[in-house]
Structure formats: C-alpha cells, structure tokens
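Everything on this sheet refers to the single structure shown next.
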Amino acid sequence: VFTRQSITSVITTYMVAGFEHILPRGTDHILFILGIFLLSTRMRPLLWQVTMFTVAHTITLGLSINGIINLPANIVEPLIALSIAYIGIENITAHSLHKSRLVIVFCFGLLHGMGFASVLSDFGMPANAFLTALISFNVGVELGQLAVILLAFVAVGLWFRNKPWYRKAIEIPCSLAIAITGLYWTWDRIVF
C-alpha cells in the first residue's frame, strides 16, 4: 500500500534529491557552473546567470515531466556536454562578460532541464504534490549550484579574482580543462 507523503516530507525529499543531483553527483552541472564562475567572479552577475539557468531548467523540467516535450537522452546528453564545452571555449575567447551571456545561459538551462527530467522520472513524482516536488527539487538544485559557487569563490575568487594574472593563470587553463572535458563527454555520449 502506497502511503501519501506529508508536504514537509515531499519538500525535504525533493530538495535533498535536487541538491544531491548537483553535489556530489552532478559533475557535468558542476563544470557548467564553474565555467560560468570563471568568467564572472563578481557575485551579482554570477547570481543573475545562475538564476537564469535555474528558471530555464525549471521550465523544461516541468514540461518534460508532464510529457509536453520529450527529447531522447541520446540527443539531450551530448548537447548538455556540448554546452559545457561551449562555456569553456567562450571563457577563453571572451575577455569580459557580455550581456548575451544571460541569454546563452538561459538557453543552456532549457537543455539541462531536460536532463534533470530523466533524473526525476527515475526518482518518481508524487501525484498529490507534483508542483511542490518540482519546486522543491529545483530549490535543491539551486542550493547545490550556490554551494558550488560559494566553494569556488572562497577557494579562488576571494583571493585571486583581482590579480593581474588571474585570467592567464586560472581562468584560461581551467576553462580549457572544462572545454576539453565537455568535448570528450560530447564524443563519449554520441559514440557510446
């Protein structure tokens, strides 16, 4: 017999699932967030980008879970990997943050939301508290992303972001590693 979860239980369960999807399991999402961080170590523009990413993935996550949109994983997963590579490459070629970055991050968020949908499909959604579970999962994801940013800021941004050598010594090498990893994952997800 299936027992209904209390609202508090749904919120807790799905927030934890969302957080854990980022930390420690979401290596691809961690790299994407770190890629965003590397080009804009100032908190305000960084938080705007992460918020746009969350709003976008919330939209496609809800639409995917409800069966309104449905792209197969063999298309979504390589595109997610390619979005990671793109952020790394853009960091190398752009010398500063530009306004189109919000649009790019939003579009990639739409893509990542479809990837989150497969996680939630496997996890299951309560029929009696669908919206609560969806919002709670996304709050957990957002908290996971903010934790990644906070850790990156404390480890790197706080100490080195204003150093004249930051771009050459940290931003470009780390972005190159992110781009190469994203390209490898793209290849790996297409071939295998």
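Residues are referred to by chain and number: the chain letter is A, B, ... according to the order shown in the structure tokens, the number counts from 1 in that chain, and ligands are numbered separately from 1 in the order shown.
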For A:Trp187, please output as an mmCIF file with N, CA and C atoms, in the first residue's frame all residues within 12 Å (counting only C-alpha atoms; exclusion window: fewer than 2 positions along the same chain).
```
data_model
loop_
_atom_site.group_PDB
_atom_site.id
_atom_site.type_symbol
_atom_site.label_atom_id
_atom_site.label_comp_id
_atom_site.auth_asym_id
_atom_site.auth_seq_id
_atom_site.Cartn_x
_atom_site.Cartn_y
_atom_site.Cartn_z
ATOM 1 N N ASN A 74 19.694 10.332 -25.816
ATOM 2 C CA ASN A 74 20.837 10.262 -26.735
ATOM 3 C C ASN A 74 21.018 11.551 -27.539
ATOM 4 N N ILE A 75 20.053 12.450 -27.470
ATOM 5 C CA ILE A 75 20.199 13.789 -28.061
ATOM 6 C C ILE A 75 20.528 14.801 -26.967
ATOM 7 N N GLU A 77 21.775 14.446 -23.788
ATOM 8 C CA GLU A 77 23.031 14.296 -23.048
ATOM 9 C C GLU A 77 24.257 14.804 -23.827
ATOM 10 N N PRO A 78 24.415 14.502 -25.125
ATOM 11 C CA PRO A 78 25.543 15.089 -25.857
ATOM 12 C C PRO A 78 25.440 16.616 -25.961
ATOM 13 N N LEU A 79 24.208 17.130 -26.092
ATOM 14 C CA LEU A 79 24.045 18.583 -26.167
ATOM 15 C C LEU A 79 24.389 19.254 -24.843
ATOM 16 N N ILE A 80 24.072 18.611 -23.733
ATOM 17 C CA ILE A 80 24.473 19.141 -22.420
ATOM 18 C C ILE A 80 26.000 19.192 -22.343
ATOM 19 N N ALA A 81 26.654 18.128 -22.756
ATOM 20 C CA ALA A 81 28.123 18.098 -22.758
ATOM 21 C C ALA A 81 28.682 19.190 -23.670
ATOM 22 N N LEU A 82 28.050 19.392 -24.811
ATOM 23 C CA LEU A 82 28.495 20.433 -25.738
ATOM 24 C C LEU A 82 28.310 21.825 -25.132
ATOM 25 N N ALA A 85 31.287 22.447 -22.989
ATOM 26 C CA ALA A 85 32.437 22.795 -23.824
ATOM 27 C C ALA A 85 32.321 24.230 -24.324
ATOM 28 N N ILE A 180 37.724 20.920 -22.845
ATOM 29 C CA ILE A 180 38.203 19.601 -23.282
ATOM 30 C C ILE A 180 37.328 18.496 -22.685
ATOM 31 N N THR A 181 37.000 18.623 -21.411
ATOM 32 C CA THR A 181 36.130 17.632 -20.765
ATOM 33 C C THR A 181 34.764 17.596 -21.436
ATOM 34 N N GLY A 182 34.197 18.784 -21.699
ATOM 35 C CA GLY A 182 32.896 18.859 -22.373
ATOM 36 C C GLY A 182 32.932 18.230 -23.758
ATOM 37 N N LEU A 183 34.005 18.484 -24.503
ATOM 38 C CA LEU A 183 34.133 17.894 -25.844
ATOM 39 C C LEU A 183 34.302 16.375 -25.755
ATOM 40 N N TYR A 184 35.072 15.911 -24.794
ATOM 41 C CA TYR A 184 35.226 14.470 -24.604
ATOM 42 C C TYR A 184 33.880 13.829 -24.266
ATOM 43 N N TRP A 185 33.145 14.442 -23.326
ATOM 44 C CA TRP A 185 31.837 13.904 -22.954
ATOM 45 C C TRP A 185 30.870 13.924 -24.134
ATOM 46 N N ARG A 189 29.271 10.527 -25.359
ATOM 47 C CA ARG A 189 27.810 10.354 -25.309
ATOM 48 C C ARG A 189 27.189 10.129 -26.689
ATOM 49 N N ILE A 190 27.929 10.510 -27.734
ATOM 50 C CA ILE A 190 27.441 10.237 -29.092
ATOM 51 C C ILE A 190 27.830 8.804 -29.502
ATOM 52 N N VAL A 191 29.069 8.447 -29.235
ATOM 53 C CA VAL A 191 29.597 7.160 -29.688
ATOM 54 C C VAL A 191 29.072 6.002 -28.844
ATOM 55 N N PHE A 192 28.967 6.204 -27.554
ATOM 56 C CA PHE A 192 28.574 5.106 -26.667
ATOM 57 C C PHE A 192 27.191 5.367 -26.182
#
```
What are the nearest atom pairs, with distances in Å to one decimal, for all residues of stretch 139-173 of chain A that come at most 9 Å from stretch 54-65 of chain A, using only C-alpha atoms, set out by chain and rising residue number as CSV?
```
residue,atom,partner,partner_atom,distance
A:Val139,CA,A:Thr54,CA,8.8
A:Val141,CA,A:Thr54,CA,8.0
A:Glu142,CA,A:Thr54,CA,6.6
```
Provide the atom CA of A:Ile11 to atom CA of A:Met114 distance in Å, to one decimal place.
->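 Between atom CA of A:Ile11 and atom CA of A:Met114 the gap works out to 21.1 Å.
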Any chance you could tabulate, as JSON lines, the residues of stretch 17-54 of chain A at most 7 Å from stretch 143-159 of chain A with each one's nearest atom pair and distance in Å to one decimal, using only C-alpha atoms, in chain and rising number order?
```
{"residue": "A:Phe19", "atom": "CA", "partner": "A:Gly144", "partner_atom": "CA", "distance": 4.7}
{"residue": "A:Ile22", "atom": "CA", "partner": "A:Gly144", "partner_atom": "CA", "distance": 5.4}
{"residue": "A:Leu23", "atom": "CA", "partner": "A:Gly144", "partner_atom": "CA", "distance": 5.9}
{"residue": "A:Ile30", "atom": "CA", "partner": "A:Val148", "partner_atom": "CA", "distance": 6.8}
{"residue": "A:Ile33", "atom": "CA", "partner": "A:Gln145", "partner_atom": "CA", "distance": 6.8}
{"residue": "A:Phe37", "atom": "CA", "partner": "A:Ile149", "partner_atom": "CA", "distance": 6.8}
{"residue": "A:Thr41", "atom": "CA", "partner": "A:Gly157", "partner_atom": "CA", "distance": 5.8}
```
Backbone-only DSSP, helix (DSSP H, G or I) members of stretch 6-175 of chain A, as an MDAnalysis selection string | chainID A and resid 7:22 27:39 43:65 73:93 100:123 127:160 166:175
For A:Phe108, which residue among A:Asn162, A:Gln49, A:Asn128, A:Ser121 is the nearest when counting only C-alpha atoms?
->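 Ranking A:Asn162, A:Gln49, A:Asn128, A:Ser121 by distance to A:Phe108, first place goes to A:Gln49.
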Any idea what the distance is between atom CA of A:Ala94 and atom CA of A:Thr27?
->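 It comes out at 24.0 Å.
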Considering only C-alpha atoms, state which residue in the set A:Ile36, A:Ile68, A:Leu31, A:Leu134 is at the smallest distance from A:Val50.
-> A:Ile36
Tell me which of A:Asn70, A:Gln5, A:Ser175, A:Thr12 sits closest to A:Ile135, counting only C-alpha atoms.
-> A:Thr12
Hey, can you check how far atom CA of A:Arg44 sits from atom CA of A:Glu20?
->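 Atom CA of A:Arg44 sits 24.8 Å away from atom CA of A:Glu20.
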